[in-house]
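This report concerns only the one structure given below.
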Amino acid sequence: MTIDKSSAWLTLQQHQIELSPISLAEMFASNKQRFHELSFKHCDLLCDFSKQKINTQTIKLLSDLAQEAQLSQSIEDLFNGALVNKTEQRAALHTQLRHPQAHKPEVKRVLAQMGSFIDYLHSSKFTDIIVLGIGGSDLGPRLVCEALQPYKQTDRRLHFVANVDGDTINTLLQCLNPHTTLCIINSKTFTTIETLANAKLVKNWMQQHVATVAQQLVAVTANKKAALEYGISPDNIFEFWDWVGGRYSVWSAVGLPIAIAIGMHNFEKFLAGAHAMDQHFRTAPFTNNLPVLMALVGVWNINFNAYHTLAIKPYTDGLQLLPAYLQQLEMESNGKSAANNGDFVNYQTAPVIWGGVGCNGQHAYMQMLHQGTQIVPVDFLVAKSSVTGSQELQDLLVASCLGQSQALMLGRSAAETYKLCKGNRPSTTIMFDKMTPEILGSIIALYEHKVFVQGIIWQIQSFDQWGVQLGKDLIKDVLQIIEKRDLKNLDASTAGLLQHFFER
């Protein structure tokens with residue numbers, strides 16, 4: 001039976017009809033305990049769902065839906081190494097990367113290797129480190145390095161490059177000294193076409209100036225053989241494994257740039273924050289479980305209220321890449337229509353994820369959120385204090401965040417239609433003390449588990465990415481066409497565009 005035919009799903013449909021006429025403002029007016037009933041705290045995170053169009057009965061009914069989807073068993077399967085990625089017959093054991101006691105021996109070995117390498121860097125000649133990767137191998141370490149900038153413990157400069165824009169990589173190389181530059185190549189398969197194209201440029205640049213290129217290239221990969229064949233020294237190869245998905249790899253040696261930037265001690269705190277969220281996710285009842293609640297509220301918005309997009313608004317500049325990170329995490333994981341039963345789902349799955357830094361958005365897209373024709377749920381993220389201690393500015397940030405969420409909820413009446421803001425627009429607020437390595441680890445793990453839960457509810461495969469693979473395959477096909485200039489058997493649009501390209 002598909003989940004939309006379950007008794008819990010049908011009950012939720014009726015529940016939504018009953019709640020629909022009641023505004024958020026009316027919900028607050030009729031229940032003075034609403035905030036206390038619908039806000040939950042763990043891992044130093046406070047998640048306030050009281051501005052969502054739900055009540056305690058909604059939480060119960062959504063929890064019933066999770067039970068019907070056999071979520072408890074699926075959570076145990078995830079942590080116990082079952083083949084949760086069924087189309088590729090793989091486990092998804094990224095939680096093992098951050099478990100302090102149950103580390104696999106190979107995980108402990110690589111963590112020790114990372115620590116030794118960072119000690120070596122402290123006394124090395126290197127001043128600049130180019131970090132090549134794309135997708136999870138770029139977004140993860142880049143996000144964390146930006147978010148934890150106040151914890152930086154090195155003078156070495158990190159330069160992240162993902163896209164294959166020659167103007168970017170060539171301009172960067174012109175500014176660097178090849179004798180004092182190290183290059184980290186992040187690629188799980190060591191076949192990623194964009195990453196290897198950039199690596200080729202960097203390697204050629206180094207070979208023109210230095211004799212010991214092998215010592216200046218580092219590989220983070222699950223394909224050690226390919227890295228060795230590329231000419232990288234065995235000591236400079238950091239492994240991760242088939243059971244680590246690319247968009248879940250920030251906890252592995254893919255996080256080497258993070259450890260270089262903030263030190264191994266802080267990197268281990270980052271892992272510990274994620275592990276604390278893992279333990280909460282695995283043991284807390286659904287009605288008090290932050291990742292499960294985040295997921296179920298998302299299902300409520302998408303499938304029962306027909307809100308098909310989600311704005312991410314962090315009120316911390318260091319989290320400016322969080323919307324992009326979550327685009328990959330959520331849309332690559334759950335942007336699927338193929339159901340586990342071999343058919344196709346007939347309900348919506350992943351939302352469109354977008355957003356940006358809070359105050360900036362207030363002077364841009366928040367206009368549409370307040371007065372536009374689409375209702376867009378929002379996740380607000382805000383710290384109570386800044387790491388560096390400017391409380392006056394932090395007060396303004398908090399006021400901006402809470403003012404926006406309140407405005408979305410209450411709206412504003414006006415005689416003139418163009419001034420009217422209808423309100424009744426849902427949001428979740430995640431508040432934390434300040435942006436620490438532990439807090440950031442908890443936040444990322446919170447969203448990871450949210451995505452997993454939604455995939456279970458929707459009865460889809462969250463851990464594969466066959467749509468991504470299609471794009472990879474076609475890139476190679478089009479490259480061959482460009483090399484041969486053979487436009488036969490192409491569709492008219494692609495042929496016409498290539499012909500125009502050849503006229504350059």
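Note on naming: chains are A, B, ... as they come in the structure tokens, residues start from 1 per chain, ligands start from 1 in the order shown.
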Give me, as a tab-separated table, the closest atom pair and its distance (Å, one decimal) for every residue of stretch 244-323 of chain A within a cut-off of 10 Å of stretch 155-159 of chain A, counting only C-alpha atoms, rows sorted by chain and rising number.
```
residue	atom	partner	partner_atom	distance
A:Pro257	CA	A:Leu158	CA	7.5
A:Ile258	CA	A:Leu158	CA	9.6
A:Ile260	CA	A:Arg156	CA	8.4
A:Ala261	CA	A:Arg156	CA	7.8
```
Could the residues in this selection be written to a file with N, CA and C atoms, as a PDB file, in the first residue's frame?
```pdb
ATOM      1  N   PRO A 257      40.087  20.142   4.672  1.00  0.00           N
ATOM      2  CA  PRO A 257      40.258  21.606   4.698  1.00  0.00           C
ATOM      3  C   PRO A 257      39.701  22.244   5.971  1.00  0.00           C
ATOM      4  N   ILE A 258      38.616  21.680   6.503  1.00  0.00           N
ATOM      5  CA  ILE A 258      38.044  22.202   7.741  1.00  0.00           C
ATOM      6  C   ILE A 258      39.039  22.008   8.879  1.00  0.00           C
ATOM      7  N   ILE A 260      42.206  21.637   8.681  1.00  0.00           N
ATOM      8  CA  ILE A 260      43.349  22.528   8.482  1.00  0.00           C
ATOM      9  C   ILE A 260      43.014  23.928   8.983  1.00  0.00           C
ATOM     10  N   ALA A 261      41.816  24.376   8.682  1.00  0.00           N
ATOM     11  CA  ALA A 261      41.431  25.750   9.014  1.00  0.00           C
ATOM     12  C   ALA A 261      41.228  25.950  10.508  1.00  0.00           C
TER      13      ALA A 261
END
```
(message) List the spatial neighbours of A:Trp9 as an NGL selection string - criterion: any atom at most 12 Å away, only C-alpha atoms, same-chain residues fewer than 5 positions off excluded.
(response) :A and (1-4 or 14-16 or 58 or 61-69 or 296 or 299-300 or 303-304 or 347 or 457-458)
Which residues are near A:Ser23? Cut-off 10 Å, only C-alpha atoms, ignore same chain within fewer than 2 positions. Put them as an mmCIF file with C-alpha atoms, in the first residue's frame.
```
data_model
loop_
_atom_site.group_PDB
_atom_site.id
_atom_site.type_symbol
_atom_site.label_atom_id
_atom_site.label_comp_id
_atom_site.auth_asym_id
_atom_site.auth_seq_id
_atom_site.Cartn_x
_atom_site.Cartn_y
_atom_site.Cartn_z
ATOM 1 C CA LEU A 19 -7.479 23.608 10.466
ATOM 2 C CA SER A 20 -7.430 25.513 7.191
ATOM 3 C CA PRO A 21 -9.939 28.263 8.145
ATOM 4 C CA ALA A 25 -3.024 34.642 14.791
ATOM 5 C CA GLU A 26 -6.234 32.952 15.957
ATOM 6 C CA MET A 27 -4.298 29.871 17.031
ATOM 7 C CA PHE A 28 -2.076 31.995 19.266
ATOM 8 C CA ALA A 29 -5.003 34.001 20.613
ATOM 9 C CA LYS A 53 -0.145 25.885 10.892
ATOM 10 C CA MET A 409 2.455 35.216 10.926
ATOM 11 C CA LEU A 410 0.416 38.338 11.771
ATOM 12 C CA GLY A 423 -0.028 37.119 7.218
ATOM 13 C CA ASN A 424 -0.900 33.534 8.158
ATOM 14 C CA ARG A 425 2.365 32.414 6.540
#
```
Excluding same-chain residues fewer than 5 positions from A:Met435, what lies within 12 Å of it counting only C-alpha atoms, as a CSV table (one decimal) with C-alpha atoms, in the first residue's frame?
```csv
chain,number,residue,atom,x,y,z
A,44,ASP,CA,21.5,23.5,22.5
A,45,LEU,CA,19.1,24.1,19.6
A,144,VAL,CA,31.9,24.8,7.4
A,146,GLU,CA,33.0,30.0,6.3
A,147,ALA,CA,30.7,29.4,9.2
A,148,LEU,CA,33.6,28.7,11.6
A,149,GLN,CA,35.8,31.5,10.4
A,150,PRO,CA,36.2,32.9,14.0
A,151,TYR,CA,37.8,29.6,15.0
A,270,PHE,CA,32.1,19.5,14.9
A,273,GLY,CA,27.9,18.0,17.7
A,314,PRO,CA,20.2,32.2,8.3
A,315,TYR,CA,20.9,35.4,10.3
A,316,THR,CA,24.6,34.6,10.4
A,317,ASP,CA,26.9,35.6,7.5
A,318,GLY,CA,28.9,32.4,8.0
A,319,LEU,CA,25.9,30.4,7.0
A,381,LEU,CA,18.2,30.3,11.9
A,382,VAL,CA,19.6,32.8,14.5
A,383,ALA,CA,22.2,32.9,17.3
A,384,LYS,CA,21.6,34.6,20.6
A,385,SER,CA,25.2,35.8,20.7
A,386,SER,CA,28.0,36.4,18.2
A,387,VAL,CA,31.3,34.5,18.6
A,388,THR,CA,33.3,37.8,18.7
A,389,GLY,CA,31.0,39.5,21.1
A,440,LEU,CA,27.1,23.6,13.4
A,441,GLY,CA,27.6,19.8,13.5
A,442,SER,CA,24.2,19.5,15.2
A,443,ILE,CA,22.5,21.7,12.6
```
(message) Need to verify the contact set: stretch 351-367 of chain A, 9 Å, only C-alpha atoms, exclusion of same-chain residues closer than 4 positions in sequence. Can you return it as JSON, numbers by chain?
(response) {"A": [298, 302, 307, 308, 309, 310, 311, 312, 313, 314, 315, 316, 317, 318, 319, 320, 321, 322, 323, 324, 326, 327, 328, 330, 331, 334, 335, 371, 372, 378, 380, 381, 397, 400, 401, 404]}
Output C-alpha atoms of each residue in that selection to a file, as a compact mmCIF listing (two decimals), in the first residue's frame.
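The resulting file, out25.txt, is shown below:
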```
# COMPACT_ATOMS: atom_id res chain seq x y z
CA GLY A 298 7.77 19.60 6.01
CA ILE A 302 4.22 19.95 1.12
CA TYR A 307 3.45 24.53 -0.13
CA HIS A 308 6.08 23.25 -2.54
CA THR A 309 9.04 25.48 -1.75
CA LEU A 310 11.08 26.22 1.36
CA ALA A 311 13.14 29.35 2.07
CA ILE A 312 16.23 29.01 4.28
CA LYS A 313 17.11 32.27 6.05
CA PRO A 314 20.16 32.16 8.32
CA TYR A 315 20.86 35.35 10.27
CA THR A 316 24.58 34.59 10.36
CA ASP A 317 26.86 35.57 7.49
CA GLY A 318 28.92 32.42 7.98
CA LEU A 319 25.86 30.37 7.00
CA GLN A 320 25.37 32.12 3.67
CA LEU A 321 26.11 28.84 1.87
CA LEU A 322 23.58 26.87 3.93
CA PRO A 323 20.77 27.29 1.35
CA ALA A 324 23.06 25.97 -1.39
CA LEU A 326 20.63 22.17 1.62
CA GLN A 327 19.69 22.43 -2.05
CA GLN A 328 22.01 19.52 -2.71
CA GLU A 330 17.38 17.85 0.03
CA MET A 331 16.82 18.15 -3.70
CA ASN A 334 14.50 13.49 -2.30
CA GLY A 335 14.00 15.03 -5.71
CA GLN A 371 2.62 39.89 -0.29
CA GLY A 372 3.16 37.42 -3.11
CA VAL A 378 10.59 29.65 5.98
CA PHE A 380 14.85 31.02 10.22
CA LEU A 381 18.19 30.33 11.94
CA LEU A 397 19.99 40.53 14.02
CA SER A 400 15.29 41.43 12.39
CA CYS A 401 14.76 37.65 12.47
CA GLN A 404 10.18 38.95 10.03
```
(request) Take atom CA of A:Cys47 and atom CA of A:Leu290 and report the distance between them in Å, one decimal. (result) 7.3 Å
(message) I'd like to know which of A:Gln153, A:Gln57, A:Ser462, A:Asn204 is closest to A:Lys450, using only C-alpha atoms.
(response) A:Ser462
(request) Going by DSSP on the backbone, which bits of stretch 59-118 of chain A are alpha helix (DSSP H)? Write them as a ChimeraX atom specification, please. (result) /A:59-68,71-80,105-118
Please produce an output containing C-alpha atoms for each residue in the selection, written as a PDB file, in the first residue's frame.
```pdb
ATOM      1  CA  ILE A  59       1.941  16.405  15.744  1.00  0.00           C
ATOM      2  CA  LYS A  60       0.187  13.273  16.980  1.00  0.00           C
ATOM      3  CA  LEU A  61      -1.352  12.502  13.594  1.00  0.00           C
ATOM      4  CA  LEU A  62       1.948  13.098  11.798  1.00  0.00           C
ATOM      5  CA  SER A  63       3.631  10.796  14.303  1.00  0.00           C
ATOM      6  CA  ASP A  64       1.007   8.161  13.439  1.00  0.00           C
ATOM      7  CA  LEU A  65       1.977   8.594   9.789  1.00  0.00           C
ATOM      8  CA  ALA A  66       5.627   7.985  10.673  1.00  0.00           C
ATOM      9  CA  GLN A  67       4.619   4.839  12.535  1.00  0.00           C
ATOM     10  CA  GLU A  68       2.656   3.569   9.540  1.00  0.00           C
ATOM     11  CA  LEU A  71      10.143   4.838  10.503  1.00  0.00           C
ATOM     12  CA  SER A  72      11.499   3.294  13.724  1.00  0.00           C
ATOM     13  CA  GLN A  73      12.753   0.242  11.866  1.00  0.00           C
ATOM     14  CA  SER A  74      14.202   2.385   9.088  1.00  0.00           C
ATOM     15  CA  ILE A  75      16.164   4.457  11.616  1.00  0.00           C
ATOM     16  CA  GLU A  76      17.648   1.297  13.102  1.00  0.00           C
ATOM     17  CA  ASP A  77      18.464   0.034   9.603  1.00  0.00           C
ATOM     18  CA  LEU A  78      20.329   3.279   8.892  1.00  0.00           C
ATOM     19  CA  PHE A  79      22.458   3.096  12.035  1.00  0.00           C
ATOM     20  CA  ASN A  80      23.046  -0.658  11.812  1.00  0.00           C
ATOM     21  CA  PRO A 105      39.160   1.002  12.494  1.00  0.00           C
ATOM     22  CA  GLU A 106      39.616   2.588   9.081  1.00  0.00           C
ATOM     23  CA  VAL A 107      37.873   5.760  10.275  1.00  0.00           C
ATOM     24  CA  LYS A 108      40.197   6.028  13.264  1.00  0.00           C
ATOM     25  CA  ARG A 109      43.181   5.500  10.984  1.00  0.00           C
ATOM     26  CA  VAL A 110      42.180   8.318   8.623  1.00  0.00           C
ATOM     27  CA  LEU A 111      41.432  10.707  11.500  1.00  0.00           C
ATOM     28  CA  ALA A 112      44.911  10.024  12.862  1.00  0.00           C
ATOM     29  CA  GLN A 113      46.361  10.553   9.377  1.00  0.00           C
ATOM     30  CA  MET A 114      44.569  13.904   9.152  1.00  0.00           C
ATOM     31  CA  GLY A 115      46.008  14.970  12.513  1.00  0.00           C
ATOM     32  CA  SER A 116      49.540  14.029  11.476  1.00  0.00           C
ATOM     33  CA  PHE A 117      49.175  15.839   8.171  1.00  0.00           C
ATOM     34  CA  ILE A 118      48.034  19.032   9.902  1.00  0.00           C
TER      35      ILE A 118
END
```
